[in-house]
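Pasted below: final36.cif, mmCIF, C-alpha atoms and all ligand atoms.
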```
data_protein
loop_
_atom_site.label_atom_id
_atom_site.label_comp_id
_atom_site.auth_asym_id
_atom_site.auth_seq_id
_atom_site.Cartn_x
_atom_site.Cartn_y
_atom_site.Cartn_z
CA MET W 1 11.09 37.24 -96.89
CA CYS W 2 10.08 40.86 -97.18
CA SER W 3 7.29 40.50 -94.63
CA VAL W 4 9.74 38.82 -92.25
CA PHE W 5 11.86 41.96 -92.42
CA ARG W 6 8.80 44.11 -91.69
CA LEU W 7 7.74 42.00 -88.72
CA ALA W 8 11.25 41.82 -87.32
CA SER W 9 11.64 45.59 -87.36
CA ALA W 10 8.09 46.21 -86.12
CA ALA W 11 8.54 43.85 -83.16
CA VAL W 12 11.23 46.14 -81.78
CA VAL W 13 8.87 49.06 -81.29
CA GLY W 14 6.41 47.29 -79.03
CA SER W 15 2.76 46.38 -79.20
CA ALA W 16 1.34 49.85 -78.60
CA MET W 17 3.30 51.33 -81.48
CA LEU W 18 2.39 48.31 -83.56
CA LEU W 19 -1.27 49.12 -83.10
CA ALA W 20 -0.88 52.78 -83.90
CA HIS W 21 1.16 52.07 -87.00
CA GLY W 22 -0.61 48.95 -88.12
CA ALA W 23 0.69 45.43 -88.15
CA ALA W 24 2.20 43.95 -91.28
CA SER W 25 1.23 40.57 -92.62
CA ALA W 26 1.29 38.85 -95.97
CA GLY W 27 -1.03 40.79 -98.24
CA ALA W 28 -2.13 43.62 -95.97
CA VAL W 29 -1.38 45.85 -93.03
CA SER W 30 -4.12 45.49 -90.42
CA TYR W 31 -5.40 48.06 -87.92
CA TYR W 32 -7.68 46.79 -85.19
CA TRP W 33 -8.82 47.95 -81.82
CA ASN W 34 -11.74 46.96 -79.60
CA GLN W 35 -12.68 49.42 -76.89
CA GLY W 36 -15.18 47.17 -75.12
CA PRO W 37 -18.91 47.52 -74.52
CA LYS W 38 -20.98 50.62 -75.17
CA GLN W 39 -21.99 51.82 -71.75
CA ASN W 40 -25.54 52.90 -72.51
CA LEU W 41 -27.07 50.69 -75.15
CA ALA W 42 -30.40 52.49 -74.91
CA ASP W 43 -28.81 55.72 -76.12
CA PRO W 44 -29.08 55.78 -79.93
CA ALA W 45 -26.02 58.03 -80.26
CA PRO W 46 -22.73 56.30 -81.15
CA PRO W 47 -20.40 55.91 -78.15
CA ALA W 48 -17.41 58.20 -77.78
CA LEU W 49 -14.27 56.68 -79.27
CA SER W 50 -11.47 55.91 -76.85
CA LEU W 51 -8.08 57.53 -77.45
CA GLN W 52 -6.60 54.26 -78.64
CA MET W 53 -9.54 53.69 -80.96
CA GLN W 54 -9.02 57.15 -82.45
CA GLN W 55 -5.30 56.48 -82.87
CA VAL W 56 -5.85 53.17 -84.65
CA GLN W 57 -8.51 54.66 -86.91
CA SER W 58 -6.31 57.66 -87.71
CA ALA W 59 -3.33 55.44 -88.44
CA PHE W 60 -5.46 53.54 -90.96
CA LEU W 61 -6.90 56.70 -92.53
CA ASN W 62 -3.42 58.21 -92.85
CA GLN W 63 -2.44 55.34 -95.14
CA ILE W 64 -5.31 55.62 -97.56
CA THR W 65 -7.14 57.89 -99.95
CA TYR W 66 -10.88 57.71 -100.16
CA ALA W 67 -13.70 59.81 -101.50
CA GLY W 68 -16.84 60.81 -99.69
CA THR W 69 -17.87 60.01 -96.16
CA PRO W 70 -18.09 56.56 -94.56
CA TYR W 71 -21.05 54.56 -95.87
CA GLY W 72 -23.41 54.20 -92.96
CA PHE W 73 -26.68 52.92 -94.49
CA GLU W 74 -28.62 56.03 -93.53
CA SER W 75 -29.69 57.89 -96.65
CA GLY W 76 -30.97 56.82 -100.03
CA ASN W 77 -32.32 53.30 -100.25
CA PHE W 78 -31.08 52.06 -96.91
CA ALA W 79 -34.49 51.54 -95.34
CA VAL W 80 -34.74 48.73 -92.82
CA GLY W 81 -34.82 45.48 -94.76
CA GLY W 82 -33.67 47.31 -97.89
CA SER W 83 -30.54 47.24 -100.01
CA SER W 84 -27.09 46.89 -98.48
CA SER W 85 -25.38 48.14 -101.66
CA PHE W 86 -23.57 51.45 -101.68
CA SER W 87 -21.56 53.58 -104.07
CA TYR W 88 -18.00 54.60 -103.27
CA GLY W 89 -15.06 56.46 -104.77
CA SER W 90 -15.17 59.15 -107.43
CA GLY W 91 -14.00 59.55 -110.99
CA ALA W 92 -11.94 56.58 -112.13
CA THR W 93 -12.31 54.84 -108.77
CA ALA W 94 -16.09 55.18 -108.57
CA GLY W 95 -17.80 51.88 -108.01
CA THR W 96 -20.61 50.02 -106.33
CA ALA W 97 -20.30 47.61 -103.43
CA SER W 98 -22.96 44.93 -103.67
CA ILE W 99 -23.79 41.83 -101.67
CA THR W 100 -22.95 38.81 -103.82
CA SER W 101 -23.46 36.06 -101.24
CA GLY W 102 -25.26 35.79 -97.95
CA THR W 103 -28.01 38.00 -96.60
CA PRO W 104 -26.85 40.70 -94.22
CA SER W 105 -29.76 42.98 -93.61
CA VAL W 106 -30.07 46.69 -93.00
CA VAL W 107 -31.44 47.03 -89.49
CA GLY W 108 -31.77 49.74 -86.91
CA GLU W 109 -34.42 52.01 -85.68
CA GLY W 110 -37.71 50.84 -87.11
CA THR W 111 -36.76 47.17 -87.19
CA PRO W 112 -39.70 45.24 -85.73
CA GLY W 113 -38.84 43.68 -82.42
CA LEU W 114 -35.30 45.01 -82.36
CA GLN W 115 -34.16 46.56 -79.11
CA LEU W 116 -30.97 48.57 -78.97
CA ALA W 117 -29.95 46.47 -76.01
CA VAL W 118 -29.18 43.50 -78.27
CA GLY W 119 -25.75 45.02 -78.64
CA ARG W 120 -25.44 46.14 -82.27
CA TYR W 121 -25.85 49.83 -82.96
CA ASN W 122 -25.39 52.67 -85.37
CA MET W 123 -21.95 54.27 -85.68
CA THR W 124 -22.88 57.04 -88.12
CA PRO W 125 -22.42 60.25 -86.14
CA GLY W 126 -24.54 63.36 -86.15
CA LEU W 127 -27.94 61.87 -86.85
CA ILE W 128 -30.88 63.74 -85.41
CA GLU W 129 -34.16 62.15 -84.44
CA THR W 130 -36.82 63.87 -86.53
CA ASP W 131 -39.80 62.04 -85.13
CA PRO W 132 -41.24 64.59 -82.68
CA PHE W 133 -42.82 61.80 -80.67
CA GLY W 134 -39.59 59.85 -80.36
CA GLY W 135 -41.07 56.74 -81.89
CA PRO W 136 -39.49 54.41 -84.42
CA ASP W 137 -38.70 56.12 -87.69
CA ILE W 138 -37.89 53.73 -90.47
CA GLN W 139 -36.33 56.08 -92.96
CA HIS W 140 -33.71 58.31 -91.55
CA ILE W 141 -31.71 57.34 -88.54
CA GLY W 142 -29.56 54.79 -86.89
CA HIS W 143 -29.00 52.01 -89.43
CA TRP W 144 -26.31 49.39 -89.84
CA ILE W 145 -26.04 45.94 -91.38
CA GLU W 146 -25.76 42.77 -89.36
CA SER W 147 -25.43 39.07 -89.92
CA SER W 148 -24.82 35.82 -88.08
CA SER W 149 -23.62 33.97 -91.19
CA ASP W 150 -21.25 34.48 -94.10
CA PHE W 151 -21.68 37.21 -96.67
CA SER W 152 -19.62 38.86 -99.39
CA TYR W 153 -19.31 42.31 -100.82
CA SER W 154 -18.12 42.66 -104.40
CA PHE W 155 -16.68 45.91 -105.72
CA THR W 156 -17.10 46.98 -109.34
CA SER W 157 -13.97 49.13 -109.11
CA PRO W 158 -11.01 47.28 -107.52
CA MET W 159 -9.69 48.97 -104.37
CA SER W 160 -6.93 48.25 -101.87
CA ALA W 161 -8.28 49.47 -98.52
CA ILE W 162 -11.36 48.71 -96.44
CA GLY W 163 -12.32 49.80 -92.95
CA PHE W 164 -15.45 49.61 -90.81
CA PHE W 165 -16.83 49.49 -87.29
CA LEU W 166 -17.80 46.14 -85.79
CA THR W 167 -20.34 45.83 -83.01
CA ASP W 168 -21.21 42.95 -80.71
CA LEU W 169 -18.54 40.59 -82.02
CA GLY W 170 -18.01 37.38 -80.08
CA ASP W 171 -20.39 37.82 -77.15
CA PHE W 172 -21.81 34.37 -77.97
CA THR W 173 -18.46 32.81 -78.94
CA GLY W 174 -18.85 33.62 -82.61
CA ALA W 175 -15.74 34.55 -84.59
CA LEU W 176 -15.14 36.67 -87.66
CA THR W 177 -12.58 36.07 -90.37
CA ILE W 178 -12.20 38.11 -93.54
CA GLN W 179 -10.73 37.17 -96.89
CA LEU W 180 -9.94 39.69 -99.64
CA PHE W 181 -9.94 38.42 -103.21
CA ASN W 182 -9.07 39.86 -106.58
CA ASP W 183 -11.31 37.73 -108.80
CA GLN W 184 -10.26 34.22 -107.71
CA THR W 185 -6.88 35.23 -106.29
CA LEU W 186 -6.63 35.47 -102.49
CA VAL W 187 -4.99 38.80 -101.63
CA TYR W 188 -5.23 38.62 -97.83
CA ASP W 189 -6.73 36.39 -95.14
CA THR W 190 -7.17 37.34 -91.49
CA VAL W 191 -6.72 33.64 -90.68
CA GLY W 192 -3.03 33.75 -91.56
CA ASP W 193 -2.43 37.19 -90.03
CA THR W 194 -0.63 36.46 -86.77
CA SER W 195 -0.28 40.20 -86.12
CA LEU W 196 -4.07 40.62 -85.95
CA ASN W 197 -6.02 39.74 -82.82
CA LEU W 198 -9.57 40.08 -84.07
CA ILE W 199 -11.27 39.56 -80.75
CA GLY W 200 -14.66 40.75 -79.67
CA GLY W 201 -16.01 40.61 -76.16
CA ALA W 202 -19.01 41.35 -74.03
CA ASN W 203 -22.45 42.39 -75.27
CA GLY W 204 -22.30 45.66 -77.19
CA ASN W 205 -18.54 45.76 -77.70
CA LEU W 206 -17.17 48.12 -80.34
CA GLY W 207 -14.27 47.39 -82.66
CA PHE W 208 -12.72 49.12 -85.64
CA LEU W 209 -10.90 47.17 -88.34
CA GLY W 210 -8.94 48.70 -91.21
CA LEU W 211 -7.07 46.70 -93.83
CA VAL W 212 -4.60 48.22 -96.29
CA ALA W 213 -3.83 45.56 -98.87
CA SER W 214 -0.64 45.42 -100.89
CA SER W 215 -2.64 44.88 -104.08
CA ASN W 216 -6.15 45.56 -105.28
CA PHE W 217 -9.13 43.41 -104.40
CA ASN W 218 -12.67 43.34 -105.73
CA ARG W 219 -14.36 41.06 -103.21
CA ALA W 220 -14.42 40.86 -99.42
CA VAL W 221 -15.72 37.68 -97.78
CA PHE W 222 -16.97 37.98 -94.21
CA HIS W 223 -16.99 34.56 -92.57
CA ILE W 224 -18.83 34.36 -89.25
CA SER W 225 -18.40 31.07 -87.44
CA GLN W 226 -20.72 30.19 -84.59
CA GLY W 227 -19.05 28.67 -81.56
CA GLY W 228 -22.39 27.83 -79.98
CA SER W 229 -25.79 27.26 -81.49
CA PRO W 230 -26.35 28.44 -85.07
CA ASP W 231 -27.36 32.07 -85.50
CA THR W 232 -26.74 33.08 -81.90
CA ASP W 233 -23.87 35.53 -82.43
CA PHE W 234 -24.85 38.40 -84.69
CA VAL W 235 -22.23 40.94 -85.70
CA GLY W 236 -23.01 44.52 -86.72
CA PHE W 237 -21.10 46.48 -89.39
CA ASP W 238 -21.28 50.20 -90.04
CA SER W 239 -19.43 53.14 -91.54
CA PHE W 240 -17.59 51.38 -94.35
CA ILE W 241 -14.60 53.17 -95.83
CA ILE W 242 -13.47 51.91 -99.22
CA GLY W 243 -10.29 53.45 -100.60
CA SER W 244 -6.81 53.00 -101.96
CA ALA W 245 -3.45 52.73 -100.27
CA ASN W 246 -1.74 56.06 -100.74
CA GLY W 247 1.75 54.64 -100.81
CA THR W 248 2.95 56.23 -97.58
CA THR W 249 3.34 52.89 -95.82
CA PRO W 250 7.04 52.22 -95.22
CA PRO W 251 8.30 50.52 -98.37
CA LEU W 252 9.36 46.90 -98.15
CA PRO W 253 13.07 46.29 -98.84
CA GLU W 254 13.65 46.00 -102.57
CA PRO W 255 15.78 43.12 -103.87
CA GLY W 256 18.36 45.72 -104.99
CA THR W 257 18.52 47.20 -101.47
CA LEU W 258 19.01 43.75 -99.97
CA ALA W 259 21.84 43.14 -102.42
CA LEU W 260 23.51 46.40 -101.33
CA VAL W 261 23.12 45.44 -97.66
CA GLY W 262 24.68 42.09 -98.51
CA LEU W 263 27.62 43.81 -100.22
CA ALA W 264 28.11 46.12 -97.24
CA LEU W 265 28.13 43.15 -94.84
CA THR W 266 30.60 41.38 -97.08
CA GLY W 267 32.76 44.49 -97.00
CA VAL W 268 32.66 44.58 -93.19
CA GLY W 269 33.60 40.93 -93.10
CA LEU W 270 36.55 41.49 -95.43
CA ALA W 271 37.75 44.48 -93.39
CA GLY W 272 37.54 42.40 -90.22
CA ARG W 273 39.58 39.65 -91.77
CA ARG W 274 42.18 42.17 -92.98
CA ARG W 275 42.47 43.61 -89.45
CA ALA W 276 42.74 40.13 -88.00
CA ALA W 277 45.53 39.35 -90.46
CA ARG W 278 47.63 42.22 -89.20
CA CA R 301 -25.12 53.87 -89.70
CA CA R 302 -23.05 39.23 -81.11
#
```

Give the structure from the file, written as structure tokens.
Amino acid sequence: MCSVFRLASAAVVGSAMLLAHGAASAGAVSYYWNQGPKQNLADPAPPALSLQMQQVQSAFLNQITYAGTPYGFESGNFAVGGSSSFSYGSGATAGTASITSGTPSVVGEGTPGLQLAVGRYNMTPGLIETDPFGGPDIQHIGHWIESSSDFSYSFTSPMSAIGFFLTDLGDFTGALTIQLFNDQTLVYDTVGDTSLNLIGGANGNLGFLGLVASSNFNRAVFHISQGGSPDTDFVGFDSFIIGSANGTTPPLPEPGTLALVGLALTGVGLAGRRRAAR
């Protein structure tokens, strides 16, 4: 009932405002935008973000608290073919995100046979090529994770917000759905989120998805279905943000508030009847 109230009021403001403010659904508020293909796939630098992309990302970031910078698989142990695990948070919220099912791999510059033109690419800004000859450098630049099949991240410290860039979604009719769990309890499922249009597009398209859940989760399941042949539609993921809802989302109506509204309506009705009686 509460989410119905949210959706009813949000529908009034129009789709553009919906995007900028996030769209409410059972379990989470979702923020998604896809700005279409990267124009120059041979350029290792991340593409400029469109205004709408920036607005959607900012709207998500405004609702959450997170520590550190987005996790972009560049430093530490994120060599090509290496670990996809990363640490997040600080203090009491510090934790580790680890792959607990599936096999997304860290790829990027230095991946044998991989051409940038396949459509997935790094979204970590500010990286500088240190190889003076411009050749592949395995250790330092331009990494992301990608997969064409399901995988899961588990979080040692439960959190309530997750955001990341998506590249090359749906150019071969693949589709992505995401489920957030707290242990075995389903917190949120993109499948039931009618406010979320998680579409991809042409080769090299760039999306950003942010989810602010209404309760904590400790596992995120990424389900990639293949519309065509198996393993044809790979999806890239980069710049993960793991955080907590900061409580500035508009509060849902409390039962007490609804009761007061009910009383007020009853009062109006009584007044109307009294006037009619005169
Ligand atoms: Ca990266
Ligand atoms: Ca793809």

With a distance cut-off of 7 Å and all atoms listed in the file, select the neighbouring residues of W:Asn203, excluding the residue or stretch itself and same-chain residues fewer than 3 positions from it, and output the selection as a ChimeraX atom specification. /W:37,119,168,171

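Of the residues listed (W:Tyr66, W:Phe73, W:Phe240, W:Phe181), W:Tyr66 shows the shortest atom-to-atom separation from W:Gly89; distances use all atoms listed in the file.
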
Would you work out the distance separating atom CA of W:Ser152 from atom CA of W:Gly126, expressed in Å to one decimal? 28.3 Å

Ranking W:Gly243, W:Gly228, W:Gly236, W:Pro104 by minimum distance to W:Asn205 and counting all atoms listed in the file, which one comes first?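 Counting all atoms listed in the file, the residue closest to W:Asn205 is W:Gly236.
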
Mind listing the residues within 8 Å of ligand CA 301 (chain R), only C-alpha atoms and all ligand atoms counted, as an MDAnalysis selection string? chainID W and resid 71:74 121:125 141:144 238:239

File of the preceding selection, C-alpha atoms, as a PDB file, keeping the file's coordinate frame:
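Once everything was written out, this is result-v2.pdb:
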```
ATOM      1  CA  TYR W  71     -21.050  54.560 -95.870  1.00  0.00           C
ATOM      2  CA  GLY W  72     -23.410  54.200 -92.960  1.00  0.00           C
ATOM      3  CA  PHE W  73     -26.680  52.920 -94.490  1.00  0.00           C
ATOM      4  CA  GLU W  74     -28.620  56.030 -93.530  1.00  0.00           C
ATOM      5  CA  TYR W 121     -25.850  49.830 -82.960  1.00  0.00           C
ATOM      6  CA  ASN W 122     -25.390  52.670 -85.370  1.00  0.00           C
ATOM      7  CA  MET W 123     -21.950  54.270 -85.680  1.00  0.00           C
ATOM      8  CA  THR W 124     -22.880  57.040 -88.120  1.00  0.00           C
ATOM      9  CA  PRO W 125     -22.420  60.250 -86.140  1.00  0.00           C
ATOM     10  CA  ILE W 141     -31.710  57.340 -88.540  1.00  0.00           C
ATOM     11  CA  GLY W 142     -29.560  54.790 -86.890  1.00  0.00           C
ATOM     12  CA  HIS W 143     -29.000  52.010 -89.430  1.00  0.00           C
ATOM     13  CA  TRP W 144     -26.310  49.390 -89.840  1.00  0.00           C
ATOM     14  CA  ASP W 238     -21.280  50.200 -90.040  1.00  0.00           C
ATOM     15  CA  SER W 239     -19.430  53.140 -91.540  1.00  0.00           C
TER      16      SER W 239
END
```

Could you give me, as a Markdown table, every chain W residue with an atom at most 10 Å from ligand CA 302 (chain R), plus its closest atom pair and distance in Å to one decimal, counting all atoms listed in the file, rows ordered by chain then number?
```
| residue | atom | partner | partner_atom | distance |
| --- | --- | --- | --- | --- |
| W:Val118 | CA | R:CA302 | CA | 8.0 |
| W:Gly119 | CA | R:CA302 | CA | 6.8 |
| W:Arg120 | CA | R:CA302 | CA | 7.4 |
| W:Glu146 | CA | R:CA302 | CA | 9.4 |
| W:Ser147 | CA | R:CA302 | CA | 9.1 |
| W:Ser148 | CA | R:CA302 | CA | 8.0 |
| W:Leu166 | CA | R:CA302 | CA | 9.9 |
| W:Thr167 | CA | R:CA302 | CA | 7.4 |
| W:Asp168 | CA | R:CA302 | CA | 4.2 |
| W:Leu169 | CA | R:CA302 | CA | 4.8 |
| W:Gly170 | CA | R:CA302 | CA | 5.5 |
| W:Asp171 | CA | R:CA302 | CA | 5.0 |
| W:Phe172 | CA | R:CA302 | CA | 5.9 |
| W:Thr173 | CA | R:CA302 | CA | 8.2 |
| W:Gly174 | CA | R:CA302 | CA | 7.2 |
| W:Ala175 | CA | R:CA302 | CA | 9.4 |
| W:Gly200 | CA | R:CA302 | CA | 8.6 |
| W:Gly201 | CA | R:CA302 | CA | 8.7 |
| W:Ala202 | CA | R:CA302 | CA | 8.4 |
| W:Asn203 | CA | R:CA302 | CA | 6.7 |
| W:Gly204 | CA | R:CA302 | CA | 7.6 |
| W:Asn205 | CA | R:CA302 | CA | 8.6 |
| W:Gln226 | CA | R:CA302 | CA | 10.0 |
| W:Asp231 | CA | R:CA302 | CA | 9.4 |
| W:Thr232 | CA | R:CA302 | CA | 7.2 |
| W:Asp233 | CA | R:CA302 | CA | 4.0 |
| W:Phe234 | CA | R:CA302 | CA | 4.1 |
| W:Val235 | CA | R:CA302 | CA | 5.0 |
| W:Gly236 | CA | R:CA302 | CA | 7.7 |
```

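Once stretch 52-54 of chain W and its same-chain neighbours fewer than 3 positions away are set aside, W:Trp33, W:Gln35, W:Leu49, W:Gln57, W:Ser58 remain within 7 Å of it when counting only C-alpha atoms.
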
Atomic distance atom CA of W:Leu186 - atom CA of W:Phe237, expressed in Å with one decimal: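 Distance between the two atoms: 22.4 Å.
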